[in-house]
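Below you'll find the structure, written out as structure tokens, and then a few comments.
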Amino acid sequence: MTTRRNFMAGTAAFALGSPALMGRAQDGPIVFASILDLSGGLDIYGAPMEATTRMAIDEINDAGGLLDRPVELKMYDAQSSIQLYTQFATQASAGDRAATVHGGITSASREAIRPTLARFETLYFYNTQYEGGVCDANTFCTGSTPAQTVAKIVPYAMEKWGKKVYIVAADYNYGQIIAQWQQRFVAENGGETAAVEFFPLDVTNFGPTITKIQQAAPDLVLSALVGGAHVSFYRQYAAAGLNGSIPIASTTFGVGNEHNLISAEEGNGLLAAYSYFEGVDTPENAAFLERYEARLGDDRPGLNELAMRSYEGAMLWAEAVKAAGTADRDPVIEALRSGLSYDGPSGTVTIDSQTNHCSMNVYIGELADQKWNIVESFDNQPPADTQLVCDLNENPNQSTFLFENGLAAAGID
Amino acid sequence: MDLVVAVLFQLVYGIANLALISLGLAIIFGMMRVINLAHGEFLMLGGYTVVVSTNAGVNIWVAMLILAPLVVGIIGVIVERLLIRWLYDRMIDTLLATWGLSLLLIGIVTSIFGASTATTISPPLGVIRIGAYTVSGYEMFLIAVTLVLLAGVWATLRLTKLGLLARGTMQNAEVAGALGVSTNRIYMVTFGLGAAVTGLAGGLLAPVTGVLPTIGATYIAKAFITVISGGAAILAGTAAGSVLLGGINGIFTFLSGPTFGEVALLLAAIVLLRLMPSGITGRFFRKSL
């Protein structure tokens with residue numbers, strides 16, 4: 001007679017000893033997990049990312065799946081809670097035995113799940129624009145980083161408006177580090193930073209700062225404000241009549257489709273730099289927009305870099321699985337790091353093997369009537385910021401976030 | 001000189017802003033000892049009323065001044081009838097119930113309108129020039145509205161029959177009930193009025209803030225701290241709490257930055273409540289409204 005304890009031990013041994021038979025069976029579906037904030041304060045970012053992730057997986061399956069196997073999407077809603085991120089990351093890798101996990105929106109959520117996924121040896125894609133500095137063999141960062149966006153928009157805006165810059169940024173790791181990059185690029189281009197101000201995420205009254213900005217009389221304001229409460233800044237800035245006299249450039253405004261949350265006259269003239277705007281003029285993008293609209297109808301979520309990278313991140317992974325001939329982690333990583341590239345709606349995206357980041361096209365958009373018009377584009381920009389500090393070719397066994405304590409601590413002055 | 005005027009204006013606006021977002025909560029707390037944790041969502045509903053109705057072509061002033069308080073006031077009465085009235089004198093239970101209500105309201109608005117709703121309104125009334133500085137005419141209007149609202153609440157409580165009955169109920173509900181006052185109805189009307197004032201505030205802030213289903217969370221903490229620091233007297237409490245905390249927040253924001261402004265506000269509230277556990281009006285202005 002089998003006792004219950006023996007039975008349990010036997011099952012556990014079976015589960016541990018034969019993962020291939022349990023979850024990663026060669027004929028079952030390949031599991032693709034996505035963890036995003038689909039409710040709570042961050043859902044303005046998460047909702048469009050979910051829409052494009054679902055679209056990517058459906059398109060992969062409509063084309064016959066991968067390696068003659070269907071791809072199964074497990075979508076987790078982290079509800080804007082970091083605790084749920086770690087829980088779902090464990091569930092996705094240990095429970096679902098996902099071939100890859102895509103997701104994380106804020107840098108805090110990325111840092112919550114990145115170590116978990118590295119420990120479980122589950123391939124991780126972070127598809128969000130961020131401050132740079134992740135150096136992790138198991139993690140691929142497909143979003144743009146400051147050397148790709150801030151480095152482009154700062155000279156463009158300074159050329160257009162003048163050299164004296166006032167910086168406003170969100171008060172957490174992303175905003176703090178981006179503000180350091182902004183100051184660095186302002187100095188590199190011969191400009192002067194008048195002041196830097198940080199705002200907790202729940203500040204809704206920007207009156208004192210707006211007066212201070214008038215006192216400092218800069219030529220332009222660089223914004224790295226984040227989230228719904230900070231939308232108030234742009235509105236109060238316009239209400240005080242400053243949008244006409246001191247223009248704003250940003251590398252955060254727009255990824256939450258904030259340009260729809262303020263009126264046309266409040267936002268007109270605002271500049272932003274991303275790796276994608278809906279106005280990208282390529283046949284791939286036109287075809288993508290047509291499919292997207294056919295899928296979701298007229299009230300579809302607006303597309304921005306986060307949404308596009310969620311799509312292209314999934315497609316990059318799919319290309320790598322095809323190239324590797326398997327969904328197992330190590331061969332897929334090898335395929336990705338072989339300089340894999342994907343011609344997506346945003347242009348050609350190529351994995352940089354030194355950093356596991358991407359070279360990509362970067363666009364500067366100017367807001368007019370709640371629409372972004374592309375005024376300048378830059379082809380195939382490398383992740384030069386992370387390349388300064390990270391070399392996975394030299395030292396592949398790394399899983400660190402090098403900008404955790406700011407740029408100076410990472411050896412960048 | 002221009003700078004001093006501009007800074008003073010922002011200081012006054014910061015105080016008025018705090019009073020505006022707190023007044024509805026203060027009415028409900030002062031009259032009924034109910035702490036409405038769905039207060040932030042009532043503000044959000046006021047904002048949504050304005051965004052949705054202006055998108056449908058309604059005049060912005062009608063939307064802000066009439067529709068927002070009306071819609072949220074009606075929602076308030078419904079909430080009082082269905083939820084709050086079963087929980088009188090059970091403060092912890094009302095906290096929990098209204099917190100649940102706040103999650104429910106966020107969920108309902110998100111499922112109807114999605115994660116965000118596009119808007120077409122911008123603050124009316126243009127710009128006021130103070131020498132080299134400009135301030136928003138609309139913010140000036142908001143300061144005026146806050147004063148009018150405070151005066152209106154004072155007049156209602158002091159000069160009307162409803163106000164007399166309400167004050168009686170507030171002082172001693174049992175005696176008021178024994179004298180023939182329908183305390184039940186007074187509570188319903190009070191909650192509805194508190195919600196309407198909150199809706200009006202949310203509607204008025206819609207043109208100068210981002211309106212999202214989750215935006216209530218950014219207001220609730222500050223409104224809550226202002227009301228608790230102010231104490232039980234509705235008007236004097238809100239005014240005293242706003243002047244003290246809004247003033248400290250504004251001054252420190254000017255001197256160092258927004259982060260320290262927020263820190264100073266919270267620190268001031270902690271020290272204040274340590275020294276005066278029942279708020280400013282628990283110690284001073286005790287006889288005031």
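Every chain in the structure tokens takes a letter, A first, then B, and so on in the order presented; its residues are numbered from 1, and the ligands are numbered from 1 following the presented order.
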
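Around Glu258 in chain A, within 10 Å and counting only C-alpha atoms, the residues found are Ile44, Tyr45, Val226, Gly227, Gly228, His230, Val231, Tyr234, Thr252, Gly267 and Gln370 of chain A; Ser116, Thr117, Ala118 and Gly210 of chain B, once anything fewer than 6 positions away on its own chain is removed.
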
Just-selected residues, C-alpha atoms written as a CSV table (one decimal), in the first residue's frame:
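Generated file (out_12.csv):
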```
chain,number,residue,atom,x,y,z
A,44,ILE,CA,-2.8,53.8,-18.6
A,45,TYR,CA,0.5,52.2,-19.6
A,226,VAL,CA,5.4,60.1,-14.7
A,227,GLY,CA,1.8,59.0,-14.1
A,228,GLY,CA,-1.7,60.4,-13.9
A,230,HIS,CA,1.7,64.6,-13.0
A,231,VAL,CA,-0.5,65.3,-16.0
A,234,TYR,CA,1.2,70.3,-18.2
A,252,THR,CA,8.0,60.4,-20.7
A,267,GLY,CA,-0.2,70.3,-25.6
A,370,GLN,CA,-3.3,65.7,-29.8
B,116,SER,CA,-8.1,56.8,-19.7
B,117,THR,CA,-10.5,59.1,-21.4
B,118,ALA,CA,-9.5,61.8,-23.9
B,210,GLY,CA,-5.4,64.8,-15.1
```

For the interface of chain B with chain A (cut-off 7 Å, counting only C-alpha atoms), please tabulate each contacting residue of chain B alongside its nearest pair of atoms and their separation in Å to one decimal, rows sorted by chain and increasing number, as JSON lines.
```
{"residue": "B:Ala6", "atom": "CA", "partner": "A:Thr211", "partner_atom": "CA", "distance": 6.8}
{"residue": "B:Val7", "atom": "CA", "partner": "A:Thr211", "partner_atom": "CA", "distance": 6.8}
{"residue": "B:Gln10", "atom": "CA", "partner": "A:Gly207", "partner_atom": "CA", "distance": 5.6}
{"residue": "B:Ala115", "atom": "CA", "partner": "A:Ile44", "partner_atom": "CA", "distance": 5.3}
{"residue": "B:Ser116", "atom": "CA", "partner": "A:Ile44", "partner_atom": "CA", "distance": 6.2}
{"residue": "B:Thr117", "atom": "CA", "partner": "A:Leu261", "partner_atom": "CA", "distance": 6.8}
{"residue": "B:Ala118", "atom": "CA", "partner": "A:Asn260", "partner_atom": "CA", "distance": 4.6}
{"residue": "B:Thr119", "atom": "CA", "partner": "A:Leu261", "partner_atom": "CA", "distance": 5.4}
{"residue": "B:Thr120", "atom": "CA", "partner": "A:Ser263", "partner_atom": "CA", "distance": 4.6}
{"residue": "B:Ile121", "atom": "CA", "partner": "A:Ser263", "partner_atom": "CA", "distance": 5.5}
{"residue": "B:Ser122", "atom": "CA", "partner": "A:Ser263", "partner_atom": "CA", "distance": 5.7}
{"residue": "B:Pro123", "atom": "CA", "partner": "A:Ala239", "partner_atom": "CA", "distance": 5.9}
{"residue": "B:Gly126", "atom": "CA", "partner": "A:Ala239", "partner_atom": "CA", "distance": 6.9}
{"residue": "B:Val127", "atom": "CA", "partner": "A:Ala240", "partner_atom": "CA", "distance": 5.8}
{"residue": "B:Tyr133", "atom": "CA", "partner": "A:Gln214", "partner_atom": "CA", "distance": 6.4}
{"residue": "B:Thr134", "atom": "CA", "partner": "A:Ala240", "partner_atom": "CA", "distance": 5.8}
{"residue": "B:Val135", "atom": "CA", "partner": "A:Ala240", "partner_atom": "CA", "distance": 4.6}
{"residue": "B:Ser136", "atom": "CA", "partner": "A:Ala240", "partner_atom": "CA", "distance": 4.1}
{"residue": "B:Val208", "atom": "CA", "partner": "A:Arg235", "partner_atom": "CA", "distance": 5.1}
{"residue": "B:Thr209", "atom": "CA", "partner": "A:Ser232", "partner_atom": "CA", "distance": 3.9}
{"residue": "B:Gly210", "atom": "CA", "partner": "A:Val231", "partner_atom": "CA", "distance": 5.0}
{"residue": "B:Leu212", "atom": "CA", "partner": "A:Gly228", "partner_atom": "CA", "distance": 6.7}
{"residue": "B:Thr214", "atom": "CA", "partner": "A:Gly41", "partner_atom": "CA", "distance": 5.4}
{"residue": "B:Ile215", "atom": "CA", "partner": "A:Ala229", "partner_atom": "CA", "distance": 6.6}
{"residue": "B:Thr218", "atom": "CA", "partner": "A:Asp202", "partner_atom": "CA", "distance": 4.9}
{"residue": "B:Gly250", "atom": "CA", "partner": "A:Pro208", "partner_atom": "CA", "distance": 6.8}
{"residue": "B:Thr253", "atom": "CA", "partner": "A:Pro208", "partner_atom": "CA", "distance": 6.6}
{"residue": "B:Phe254", "atom": "CA", "partner": "A:Pro208", "partner_atom": "CA", "distance": 6.0}
{"residue": "B:Gly257", "atom": "CA", "partner": "A:Glu197", "partner_atom": "CA", "distance": 6.3}
{"residue": "B:Pro258", "atom": "CA", "partner": "A:Phe199", "partner_atom": "CA", "distance": 5.5}
{"residue": "B:Thr259", "atom": "CA", "partner": "A:Phe199", "partner_atom": "CA", "distance": 5.8}
```

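With CA of Gly194 in chain B on one side and CA of Gly73 in chain B on the other, the separation reads 7.5 Å.
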
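The shell of residues at most 6 Å from Leu222 in chain A, with only C-alpha atoms counted and near chain neighbours (fewer than 4 positions) removed, consists of Ile167, Ile248, Ala249 and Ser250 of chain A.
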
- Query: What does the distance from CA of Leu11 in chain B to CA of Val243 in chain B come to in Å, to one decimal?
  - Reply: 9.3 Å

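Residues in contact with Tyr48 in chain B at 9 Å, where only C-alpha atoms are counted and same-chain residues fewer than 5 positions away are skipped, are listed as Leu43, Ser53, Ala68, Val109, Thr117, Gly202, Gly203, Ala206, Val211, Leu212 and Pro213 of chain B.
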
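Across the structure, CA of Ile27 in chain B and CA of Leu67 in chain B are spaced 20.2 Å apart.
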
Skip range 174-185 of chain B itself and residues of its chain fewer than 3 positions away, then list as a PDB file with C-alpha atoms, in the first residue's frame all residues within 12 Å of it, counting only C-alpha atoms.
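The resulting file, part_24.pdb, is shown below:
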```pdb
ATOM      1  CA  MET B  31     -21.692  65.946  10.898  1.00  0.00           C
ATOM      2  CA  MET B  32     -21.777  62.178  10.947  1.00  0.00           C
ATOM      3  CA  VAL B  77     -27.506  59.801  -1.576  1.00  0.00           C
ATOM      4  CA  GLU B  80     -25.855  56.591   1.948  1.00  0.00           C
ATOM      5  CA  ARG B  81     -29.118  54.688   1.533  1.00  0.00           C
ATOM      6  CA  ILE B  84     -23.610  54.051   5.019  1.00  0.00           C
ATOM      7  CA  ARG B  85     -26.857  54.117   6.962  1.00  0.00           C
ATOM      8  CA  TRP B  86     -26.385  50.559   8.158  1.00  0.00           C
ATOM      9  CA  TYR B  88     -23.650  54.603  11.778  1.00  0.00           C
ATOM     10  CA  LYS B 161     -33.744  75.560   9.224  1.00  0.00           C
ATOM     11  CA  LEU B 162     -31.926  72.594   7.729  1.00  0.00           C
ATOM     12  CA  LEU B 164     -30.301  74.315  12.642  1.00  0.00           C
ATOM     13  CA  LEU B 165     -31.600  70.751  12.552  1.00  0.00           C
ATOM     14  CA  ALA B 166     -28.271  69.522  11.273  1.00  0.00           C
ATOM     15  CA  ARG B 167     -26.347  71.257  14.047  1.00  0.00           C
ATOM     16  CA  GLY B 168     -28.761  69.868  16.592  1.00  0.00           C
ATOM     17  CA  THR B 169     -28.310  66.366  15.223  1.00  0.00           C
ATOM     18  CA  MET B 170     -24.560  66.867  15.216  1.00  0.00           C
ATOM     19  CA  GLN B 171     -24.503  67.896  18.893  1.00  0.00           C
ATOM     20  CA  MET B 188     -28.993  61.342   4.196  1.00  0.00           C
ATOM     21  CA  VAL B 189     -29.157  65.004   3.178  1.00  0.00           C
ATOM     22  CA  THR B 190     -25.809  65.737   4.823  1.00  0.00           C
ATOM     23  CA  PHE B 191     -24.085  62.880   3.067  1.00  0.00           C
ATOM     24  CA  GLY B 192     -25.638  63.941  -0.234  1.00  0.00           C
TER      25      GLY B 192
END
```

- Task: Name the residues in contact with range 94-100 of chain B at a cut-off of 10 Å, using only C-alpha atoms, excluding same-chain residues fewer than 6 positions from it; report them as a VMD selection string.
- Result: chain B and resid 33 to 39 41 79 83 to 88

What would the file look like if the residues just selected were written as a compact mmCIF listing (two decimals), in the first residue's frame with C-alpha atoms?
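So the final result, stored in selection-v7.txt, reads:
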```txt
# COMPACT_ATOMS: atom_id res chain seq x y z
CA ARG B 33 -18.41 60.99 12.25
CA VAL B 34 -18.15 58.93 9.09
CA ILE B 35 -14.77 58.94 7.40
CA ASN B 36 -15.47 58.47 3.73
CA LEU B 37 -12.50 56.70 2.18
CA ALA B 38 -14.26 56.86 -1.19
CA HIS B 39 -13.84 60.65 -1.03
CA GLU B 41 -13.36 58.64 -5.97
CA VAL B 79 -24.50 55.30 -1.37
CA LEU B 83 -24.36 51.35 2.47
CA ILE B 84 -23.61 54.05 5.02
CA ARG B 85 -26.86 54.12 6.96
CA TRP B 86 -26.38 50.56 8.16
CA LEU B 87 -23.05 51.49 9.66
CA TYR B 88 -23.65 54.60 11.78
```

- Message: With DSSP run on the backbone, what are the alpha helix (DSSP H) residues within range 9-164 of chain B? I'd like them as a PyMOL selection string.
- Response: chain B and resi 9-32+39-55+60-62+68-82+91-113+137-159+161-164
